[in-house]
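Shown next: coords.cif, given as mmCIF, C-alpha atoms.
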data_work
#
loop_
_atom_site.label_atom_id
_atom_site.label_comp_id
_atom_site.auth_asym_id
_atom_site.auth_seq_id
_atom_site.Cartn_x
_atom_site.Cartn_y
_atom_site.Cartn_z
CA MET A 1 70.31 -60.02 -80.30
CA THR A 2 73.25 -58.76 -82.33
CA THR A 3 70.87 -56.77 -84.54
CA ASN A 4 69.32 -55.03 -81.52
CA VAL A 5 72.71 -54.11 -80.09
CA ARG A 6 73.79 -52.71 -83.43
CA ARG A 7 70.56 -50.68 -83.81
CA ILE A 8 70.98 -49.20 -80.31
CA SER A 9 74.61 -48.39 -81.05
CA THR A 10 73.61 -46.70 -84.32
CA ASP A 11 70.89 -44.68 -82.55
CA GLU A 12 73.37 -43.52 -79.93
CA GLU A 13 75.91 -42.55 -82.59
CA PHE A 14 73.25 -40.54 -84.43
CA SER A 15 72.16 -38.86 -81.20
CA ASN A 16 75.76 -37.99 -80.30
CA ALA A 17 76.42 -36.62 -83.79
CA LYS A 18 73.26 -34.51 -83.57
CA LEU A 19 74.35 -33.19 -80.17
CA GLY A 20 77.81 -32.32 -81.52
CA TRP A 21 76.31 -30.51 -84.50
CA LYS A 22 73.95 -28.56 -82.23
CA ARG A 23 76.89 -27.56 -80.03
CA LEU A 24 78.79 -26.29 -83.07
CA VAL A 25 75.79 -24.31 -84.35
CA ASN A 26 75.27 -22.70 -80.93
CA CYS A 27 78.96 -21.78 -80.75
CA VAL A 28 78.87 -20.14 -84.19
CA ARG A 29 75.64 -18.33 -83.34
CA GLN A 30 77.07 -17.04 -80.05
CA THR A 31 80.24 -15.86 -81.80
CA ILE A 32 78.28 -13.96 -84.45
CA LYS A 33 76.09 -12.39 -81.79
CA TYR A 34 79.17 -11.35 -79.79
CA ILE A 35 80.81 -9.69 -82.80
CA LEU A 36 77.56 -7.87 -83.62
CA CYS A 37 77.24 -6.63 -80.03
CA LEU A 38 80.83 -5.35 -80.06
CA LEU A 39 80.09 -3.40 -83.25
CA LEU A 40 76.85 -1.94 -81.88
CA TYR A 41 78.41 -1.09 -78.52
CA TYR A 42 81.68 0.50 -79.63
CA SER A 43 80.40 2.19 -82.82
CA GLY A 44 77.96 4.37 -80.88
CA ILE A 45 74.87 2.80 -82.46
CA LEU A 46 73.71 1.50 -79.08
CA PHE A 47 74.11 5.00 -77.57
CA LEU A 48 72.05 6.53 -80.39
CA PHE A 49 69.39 3.83 -80.01
CA LYS A 50 68.96 4.67 -76.32
CA LYS A 51 68.73 8.39 -77.07
CA ALA A 52 66.14 7.73 -79.79
CA LYS A 53 64.01 5.66 -77.41
CA LYS A 54 63.87 8.54 -74.93
CA PHE A 55 63.16 11.11 -77.66
CA ILE A 56 60.23 9.25 -79.20
CA GLY A 57 58.89 8.02 -75.86
CA THR A 58 59.43 4.27 -76.18
CA SER A 59 61.34 3.82 -72.93
CA GLU A 60 60.09 0.80 -70.99
CA ILE A 61 60.00 -1.13 -67.76
CA ARG A 62 61.91 -4.39 -68.12
CA ILE A 63 61.25 -6.97 -65.42
CA ILE A 64 64.14 -9.42 -65.22
CA SER A 65 64.25 -12.74 -63.46
CA TYR A 66 66.84 -14.99 -61.84
CA HIS A 67 66.64 -18.18 -59.81
CA GLY A 68 69.96 -18.40 -58.02
CA VAL A 69 73.48 -16.96 -57.90
CA ASN A 70 76.18 -19.46 -56.97
CA ASP A 71 79.21 -21.46 -58.10
CA GLY A 72 77.16 -23.99 -60.04
CA PRO A 73 76.56 -26.54 -61.36
CA PHE A 74 75.19 -24.48 -64.25
CA TYR A 75 72.47 -26.23 -66.21
CA ILE A 76 69.26 -25.11 -68.01
CA ASN A 77 69.83 -21.43 -67.13
CA MET A 78 68.85 -21.96 -63.50
CA PHE A 79 71.87 -20.26 -61.96
CA ILE A 80 74.47 -17.63 -62.72
CA SER A 81 77.84 -16.95 -61.11
CA LYS A 82 78.23 -14.32 -58.41
CA GLN A 83 80.86 -12.46 -60.46
CA LYS A 84 78.56 -12.17 -63.47
CA PHE A 85 75.58 -11.22 -61.32
CA GLU A 86 77.45 -8.39 -59.62
CA SER A 87 78.76 -7.16 -62.99
CA GLN A 88 75.20 -7.09 -64.29
CA ILE A 89 73.96 -5.21 -61.23
CA LYS A 90 76.69 -2.59 -61.63
CA HIS A 91 75.70 -2.15 -65.28
CA LEU A 92 72.01 -1.84 -64.43
CA LYS A 93 72.78 0.64 -61.66
CA ARG A 94 74.67 2.87 -64.12
CA HIS A 95 72.27 2.71 -67.05
CA PHE A 96 68.78 2.14 -65.65
CA LYS A 97 66.61 3.31 -62.82
CA ILE A 98 66.12 0.19 -60.70
CA ILE A 99 62.69 0.15 -59.06
CA GLY A 100 60.57 -2.24 -57.02
CA MET A 101 57.43 -4.00 -58.18
CA ALA A 102 55.11 -1.55 -56.37
CA GLU A 103 56.59 1.44 -58.21
CA ALA A 104 56.52 -0.49 -61.48
CA GLU A 105 52.82 -1.22 -60.99
CA GLU A 106 52.05 2.47 -60.45
CA ILE A 107 53.98 3.54 -63.55
CA ILE A 108 52.29 0.88 -65.68
CA LYS A 109 48.82 1.81 -64.37
CA SER A 110 49.43 5.51 -65.02
CA LYS A 111 49.95 4.85 -68.76
CA LYS A 112 52.20 7.92 -68.81
CA ARG A 113 55.06 8.36 -71.23
CA MET A 114 58.33 7.16 -69.72
CA ASP A 115 61.44 9.28 -70.18
CA ASP A 116 63.76 6.67 -68.67
CA ASP A 117 64.31 2.94 -68.97
CA PHE A 118 63.43 1.15 -65.74
CA VAL A 119 64.33 -2.32 -64.55
CA VAL A 120 62.77 -4.51 -61.87
CA ILE A 121 64.86 -7.36 -60.40
CA THR A 122 63.09 -10.54 -59.29
CA LEU A 123 64.14 -14.01 -58.13
CA ASP A 124 62.08 -17.20 -58.06
CA ASP A 125 61.80 -20.17 -55.68
CA GLY A 126 63.85 -19.05 -52.66
CA TYR A 127 67.27 -20.69 -52.86
CA LYS A 128 69.79 -20.32 -50.04
CA ASP A 129 72.18 -18.41 -52.29
CA ASN A 130 69.61 -15.61 -52.47
CA TYR A 131 70.59 -14.88 -48.87
CA GLU A 132 74.29 -15.75 -49.16
CA ASN A 133 75.12 -14.06 -52.49
CA VAL A 134 72.23 -11.91 -53.74
CA PHE A 135 71.20 -10.17 -50.54
CA PRO A 136 74.68 -8.71 -49.79
CA ILE A 137 74.82 -7.26 -53.32
CA ALA A 138 71.34 -5.75 -52.94
CA VAL A 139 72.46 -4.07 -49.72
CA LYS A 140 75.83 -2.99 -51.16
CA TYR A 141 74.29 -1.25 -54.17
CA ARG A 142 71.10 -0.20 -52.36
CA ILE A 143 68.71 -1.64 -54.89
CA PRO A 144 65.23 -3.12 -54.44
CA MET A 145 64.59 -6.78 -55.23
CA THR A 146 61.60 -9.10 -55.04
CA ILE A 147 61.86 -12.78 -54.15
CA TYR A 148 58.93 -15.08 -54.97
CA LEU A 149 58.89 -17.95 -52.46
CA THR A 150 57.92 -21.61 -52.88
CA THR A 151 56.82 -22.00 -49.27
CA GLY A 152 56.70 -25.80 -49.05
CA CYS A 153 60.38 -26.06 -49.97
CA ILE A 154 61.35 -23.44 -47.39
CA THR A 155 59.27 -24.88 -44.56
CA ASP A 156 60.45 -28.46 -45.25
CA GLY A 157 64.02 -27.47 -46.15
CA CYS A 158 63.85 -29.50 -49.38
CA PRO A 159 65.04 -28.30 -52.81
CA THR A 160 62.66 -27.89 -55.72
CA THR A 161 62.32 -30.95 -57.95
CA VAL A 162 64.49 -29.47 -60.68
CA TYR A 163 67.25 -28.59 -58.19
CA TYR A 164 67.23 -32.15 -56.85
CA LEU A 165 67.71 -33.31 -60.44
CA ILE A 166 70.50 -30.83 -61.20
CA LEU A 167 72.47 -31.78 -58.09
CA ALA A 168 71.95 -35.53 -58.50
CA VAL A 169 72.67 -35.75 -62.23
CA HIS A 170 75.76 -33.58 -61.85
CA GLY A 171 77.02 -35.38 -58.74
CA THR A 172 76.38 -39.01 -59.67
CA ALA A 173 79.15 -41.45 -60.51
CA GLU A 174 76.81 -43.23 -62.93
CA LYS A 175 77.56 -42.86 -66.63
CA ASN A 176 74.08 -43.98 -67.70
CA LEU A 177 70.58 -43.58 -66.31
CA ASP A 178 67.94 -46.03 -67.48
CA LEU A 179 64.42 -44.73 -66.77
CA SER A 180 62.57 -46.86 -69.31
CA SER A 181 60.60 -48.48 -66.47
CA LEU A 182 59.31 -45.01 -65.55
CA GLY A 183 58.12 -44.14 -69.03
CA LEU A 184 61.25 -42.34 -70.17
CA ARG A 185 64.42 -43.69 -71.80
CA LYS A 186 68.06 -44.45 -71.15
CA PHE A 187 70.22 -41.36 -70.76
CA GLU A 188 73.97 -41.09 -71.22
CA LEU A 189 75.60 -38.86 -68.60
CA ASP A 190 79.21 -38.70 -69.80
CA SER A 191 79.21 -35.04 -70.85
CA ALA A 192 77.76 -31.74 -69.65
CA GLU A 193 75.51 -31.50 -72.72
CA LYS A 194 74.08 -34.98 -72.17
CA ARG A 195 73.52 -34.33 -68.47
CA GLU A 196 71.70 -31.12 -69.29
CA ARG A 197 69.50 -32.88 -71.82
CA ALA A 198 68.67 -35.56 -69.24
CA ILE A 199 67.74 -32.93 -66.65
CA LEU A 200 65.46 -31.17 -69.14
CA GLU A 201 63.63 -34.32 -70.18
CA ILE A 202 63.25 -35.72 -66.67
CA ASP A 203 62.03 -32.40 -65.28
CA ARG A 204 59.58 -32.00 -68.16
CA HIS A 205 58.13 -35.42 -67.33
CA ALA A 206 57.95 -34.63 -63.59
CA ARG A 207 56.02 -31.40 -64.21
CA GLY A 208 53.02 -33.32 -65.50
CA LEU A 209 52.67 -35.45 -62.36
CA SER A 210 50.58 -34.84 -59.26
CA TYR A 211 52.49 -33.88 -56.12
CA LYS A 212 52.39 -37.44 -54.72
CA GLU A 213 53.37 -38.96 -58.08
CA ARG A 214 56.15 -36.41 -58.50
CA GLU A 215 57.62 -37.22 -55.08
CA GLU A 216 57.55 -40.98 -55.78
CA PHE A 217 59.03 -40.44 -59.24
CA LEU A 218 61.80 -38.23 -57.83
CA GLU A 219 62.75 -40.81 -55.20
CA GLN A 220 63.07 -43.49 -57.88
CA VAL A 221 65.22 -41.25 -60.09
CA LEU A 222 67.47 -40.27 -57.19
CA SER A 223 67.83 -43.91 -56.16
CA SER A 224 68.89 -44.82 -59.71
CA LEU A 225 71.57 -42.13 -59.47
CA GLY A 226 72.80 -43.44 -56.11
CA PHE A 227 71.17 -40.86 -53.84
CA GLY A 228 68.50 -40.64 -51.17
CA LYS A 229 66.74 -37.40 -50.32
CA GLU A 230 68.58 -37.24 -47.01
CA ASN A 231 71.99 -37.09 -48.75
CA PRO A 232 74.07 -34.10 -47.58
CA ILE A 233 74.35 -32.85 -51.17
CA PHE A 234 70.70 -31.74 -50.95
CA GLN A 235 70.87 -30.12 -47.52
CA ASN A 236 70.78 -26.36 -46.81
CA ARG A 237 69.86 -25.48 -50.40
CA MET A 238 66.77 -23.38 -49.61
CA LEU A 239 66.24 -20.25 -47.57
CA SER A 240 65.18 -20.58 -43.94
CA TRP A 241 62.46 -18.37 -42.48
CA ASP A 242 65.17 -16.68 -40.38
CA ASP A 243 66.99 -15.80 -43.63
CA VAL A 244 63.75 -14.51 -45.12
CA ASN A 245 62.96 -12.30 -42.14
CA GLU A 246 66.45 -10.81 -42.05
CA MET A 247 66.20 -9.90 -45.72
CA VAL A 248 62.74 -8.40 -45.27
CA GLU A 249 64.07 -6.16 -42.49
CA GLN A 250 66.60 -4.80 -45.00
CA GLY A 251 64.01 -4.04 -47.68
CA ILE A 252 63.68 -7.23 -49.75
CA VAL A 253 60.06 -7.61 -50.87
CA LEU A 254 58.37 -11.02 -50.90
CA GLY A 255 55.86 -12.59 -53.24
CA GLY A 256 54.15 -15.95 -53.45
CA HIS A 257 55.21 -18.71 -55.86
CA SER A 258 52.88 -21.53 -54.69
CA VAL A 259 53.41 -24.20 -52.01
CA THR A 260 54.77 -27.12 -54.07
CA HIS A 261 55.66 -25.49 -57.42
CA PRO A 262 53.17 -27.36 -59.64
CA ILE A 263 51.87 -26.50 -63.09
CA LEU A 264 48.75 -24.74 -61.84
CA SER A 265 46.81 -25.18 -65.09
CA ARG A 266 47.04 -28.99 -64.74
CA LEU A 267 45.52 -29.05 -61.28
CA PRO A 268 41.81 -29.08 -60.43
CA LEU A 269 40.89 -25.42 -59.96
CA GLU A 270 40.18 -25.87 -56.25
CA GLU A 271 43.64 -27.37 -55.70
CA ALA A 272 45.34 -24.62 -57.73
CA GLU A 273 43.55 -21.99 -55.66
CA ARG A 274 44.71 -23.70 -52.47
CA GLU A 275 48.34 -23.65 -53.69
CA ILE A 276 48.09 -19.88 -54.20
CA ARG A 277 46.10 -19.09 -51.06
CA GLU A 278 48.12 -21.23 -48.62
CA CYS A 279 51.42 -19.94 -50.03
CA ARG A 280 50.41 -16.37 -49.26
CA GLU A 281 49.07 -17.30 -45.81
CA GLU A 282 52.34 -19.06 -44.88
CA ILE A 283 54.51 -16.10 -45.89
CA GLN A 284 52.30 -13.67 -43.98
CA LYS A 285 52.25 -15.93 -40.93
CA MET A 286 56.04 -16.39 -40.88
CA THR A 287 57.00 -12.78 -41.63
CA GLY A 288 54.10 -10.65 -40.43
CA ARG A 289 54.17 -8.85 -43.80
CA LYS A 290 51.29 -8.48 -46.22
CA VAL A 291 51.85 -10.29 -49.53
CA THR A 292 50.44 -8.66 -52.66
CA LEU A 293 52.71 -10.17 -55.36
CA PHE A 294 52.60 -13.54 -57.10
CA ALA A 295 54.67 -15.42 -59.68
CA TYR A 296 53.16 -18.37 -61.54
CA PRO A 297 55.29 -21.55 -61.19
CA TYR A 298 57.16 -22.30 -64.44
CA GLY A 299 55.53 -19.18 -65.86
CA ASP A 300 55.07 -20.24 -69.48
CA ALA A 301 51.79 -19.66 -71.29
CA ASP A 302 50.69 -23.29 -70.86
CA SER A 303 51.17 -23.26 -67.07
CA ILE A 304 48.41 -20.74 -66.41
CA SER A 305 44.77 -20.39 -67.42
CA ASP A 306 42.17 -17.62 -67.51
CA GLN A 307 40.53 -19.10 -64.41
CA ILE A 308 43.77 -19.07 -62.44
CA VAL A 309 44.60 -15.51 -63.50
CA ASP A 310 41.10 -14.45 -62.53
CA PHE A 311 41.49 -16.05 -59.08
CA VAL A 312 44.79 -14.25 -58.54
CA ARG A 313 43.16 -10.96 -59.55
CA ARG A 314 40.14 -11.51 -57.27
CA SER A 315 42.45 -12.44 -54.39
CA ASP A 316 43.74 -8.86 -54.24
CA PHE A 317 47.22 -9.58 -55.54
CA SER A 318 48.29 -6.24 -56.99
CA SER A 319 50.28 -7.97 -59.74
CA ALA A 320 51.46 -11.37 -60.93
CA VAL A 321 54.30 -12.29 -63.26
CA VAL A 322 54.93 -14.91 -65.92
CA LEU A 323 58.34 -16.05 -67.17
CA TYR A 324 58.36 -15.06 -70.80
CA GLN A 325 58.90 -11.75 -72.50
CA LYS A 326 55.81 -9.79 -73.54
CA ARG A 327 54.56 -6.22 -73.71
CA ASN A 328 53.20 -5.07 -70.36
CA SER A 329 50.28 -2.73 -69.83
CA ALA A 330 47.71 -1.70 -67.24
CA GLU A 331 45.44 -4.42 -68.64
CA THR A 332 48.02 -7.17 -68.02
CA LEU A 333 49.01 -6.46 -64.42
CA HIS A 334 48.28 -10.07 -63.48
CA THR A 335 50.31 -11.55 -66.33
CA LEU A 336 53.30 -9.22 -66.44
CA GLY A 337 56.09 -10.48 -68.70
CA ARG A 338 59.63 -11.02 -67.47
CA THR A 339 62.98 -11.67 -69.12
CA LEU A 340 64.91 -14.62 -67.69
CA VAL A 341 68.57 -13.59 -67.62
CA ARG A 342 70.34 -16.47 -69.34
CA ASP A 343 74.08 -16.96 -69.49
CA ASP A 344 74.17 -16.32 -73.24
CA MET A 345 72.70 -12.85 -72.60
CA THR A 346 75.71 -11.81 -70.61
CA SER A 347 78.72 -13.78 -71.90
CA ASN A 348 81.22 -13.80 -74.73
CA PRO A 349 81.89 -17.09 -76.59
CA PHE A 350 84.51 -18.01 -73.97
CA GLY A 351 82.02 -17.78 -71.11
CA SER A 352 83.31 -14.56 -69.54
CA TYR A 353 81.10 -11.57 -68.75
CA SER A 354 80.64 -9.19 -71.68
CA GLU A 355 79.48 -5.64 -71.04
CA ALA A 356 78.72 -5.25 -74.76
CA VAL A 357 76.44 -8.30 -74.93
CA PHE A 358 74.57 -7.52 -71.71
CA SER A 359 74.15 -3.86 -72.66
CA CYS A 360 72.70 -4.73 -76.08
CA GLU A 361 70.34 -7.28 -74.53
CA MET A 362 69.06 -5.02 -71.76
CA SER A 363 68.64 -1.97 -74.01
CA GLY A 364 66.17 -3.81 -76.24
CA LEU A 365 68.29 -3.19 -79.34
CA LEU A 366 68.60 -6.90 -80.13
CA ASP A 367 64.85 -7.28 -79.65
CA THR A 368 64.33 -4.57 -82.26
CA LEU A 369 66.89 -5.95 -84.71
CA PHE A 370 65.62 -9.52 -84.55
CA TRP A 371 61.90 -8.74 -84.22
CA ARG A 372 61.60 -10.32 -80.81
CA GLU A 373 58.41 -9.72 -78.82
#
Using structure tokens, write down the structure from this file.
Amino acid sequence: MTTNVRRISTDEEFSNAKLGWKRLVNCVRQTIKYILCLLLYYSGILFLFKKAKKFIGTSEIRIISYHGVNDGPFYINMFISKQKFESQIKHLKRHFKIIGMAEAEEIIKSKKRMDDDFVVITLDDGYKDNYENVFPIAVKYRIPMTIYLTTGCITDGCPTTVYYLILAVHGTAEKNLDLSSLGLRKFELDSAEKRERAILEIDRHARGLSYKEREEFLEQVLSSLGFGKENPIFQNRMLSWDDVNEMVEQGIVLGGHSVTHPILSRLPLEEAEREIRECREEIQKMTGRKVTLFAYPYGDADSISDQIVDFVRRSDFSSAVVLYQKRNSAETLHTLGRTLVRDDMTSNPFGSYSEAVFSCEMSGLLDTLFWRE
């Protein structure tokens, strides 16, 4: 018994040391990146890079993605603060032509040389803060935005699985979470880094479950954290259809994002098709607007398949988006790449908004320097 306790203690110490080392490496990396961005921004190199792109005809359309804009909690790059979001929008308004998805599709299909850098702003899932914080900024700066809706969450008024986890793990009084009986492990929750790691691992496990299994799994996890689904902490976290309709009247464009936010590639094809079809039908029924846009849930390469992309194409969606960066063309209108705007793309090492960092990221200069896709 003593041996087991000692081994567990040693494993935890090793894990904590590894987490501390990772935190230090990330801090150093972010500091180096910040210094580099300051040099590029204030030396004029960034300005020359932008001019060169226009001269040689390599301007591009960058589709960027957010989930929510609120006061936190901030884990796994799901949300960003309202102050940072508005600062980003002001920067994009000054330095890019902000267009909607329909205009982006036409430019991409035309295959014409672009003399300007364009940006398309999208949001996924349909969180309440899209109405409370994003919508007023869209109206204030008169810019188009597209919101891809997870209709089941909006109709039922229930958060997405990952948002349940974020709120519960952040809000629990528990210092440990033992999920070994559910096929996972025991998680320590006594720091932000450990809570984030727990959220990532638990959500990754939940993604592979069927809808019924996922709901049962979620209830067990929430119960272990001291919550039930009816807890007030989870209420009013998603858009209502009244919110959606008000935004649509002011120019916000809607797209589908499935009914229950599953990994479509892991479902039987008939079930995946139903998720896509019924999502679109619900949005059209509740808003009276035609839906021609789609975003694949999770959006990584493993979450879609050729069969699913083909179904989306045959279903007369004019475009569909993934959630990783890639080169877009007329041949990839149903797998258009997007850039998820993470906090480290917009902040200095102290966490405050940095115009230099965001400008270098959005210009594509860092992509060129570091051979990113």
Looking at A:Asp316, A:Asp178, A:Asp243, A:Asp302, which one is nearest to Leu264 (chain A), with distances taken over all atoms listed in the file?
->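 Result for the nearest residue to Leu264 (chain A): A:Asp302.
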If you count all atoms listed in the file, the residue of A:Lys194, A:Lys128, A:Lys326, A:Arg29 closest to Pro159 (chain A) turns out to be A:Lys128
For Leu340 (chain A), which residue out of A:Asn77, A:Ser305, A:Gln30, A:Ser59 is the nearest one, using only C-alpha atoms?
->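 For Leu340 (chain A), the nearest of the given residues is A:Asn77.
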One decimal, Å: what's the distance from CA of Ile45 (chain A) over to CA of Leu369 (chain A), could you say?
->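 Separation between CA of Ile45 (chain A) and CA of Leu369 (chain A): 12.1 Å.
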What lies within 12 Å of Val28 (chain A) using all atoms listed in the file, ignoring chain neighbours under 6 positions off, as a ChimeraX atom specification?
-> /A:21-22,34-35,348-350
Pick from A:Met247, A:Leu218, A:Leu38, A:Ala104 nearest to Asn130 (chain A), counting all atoms listed in the file |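 Of the candidates, the smallest distance to Asn130 (chain A) is held by A:Met247.
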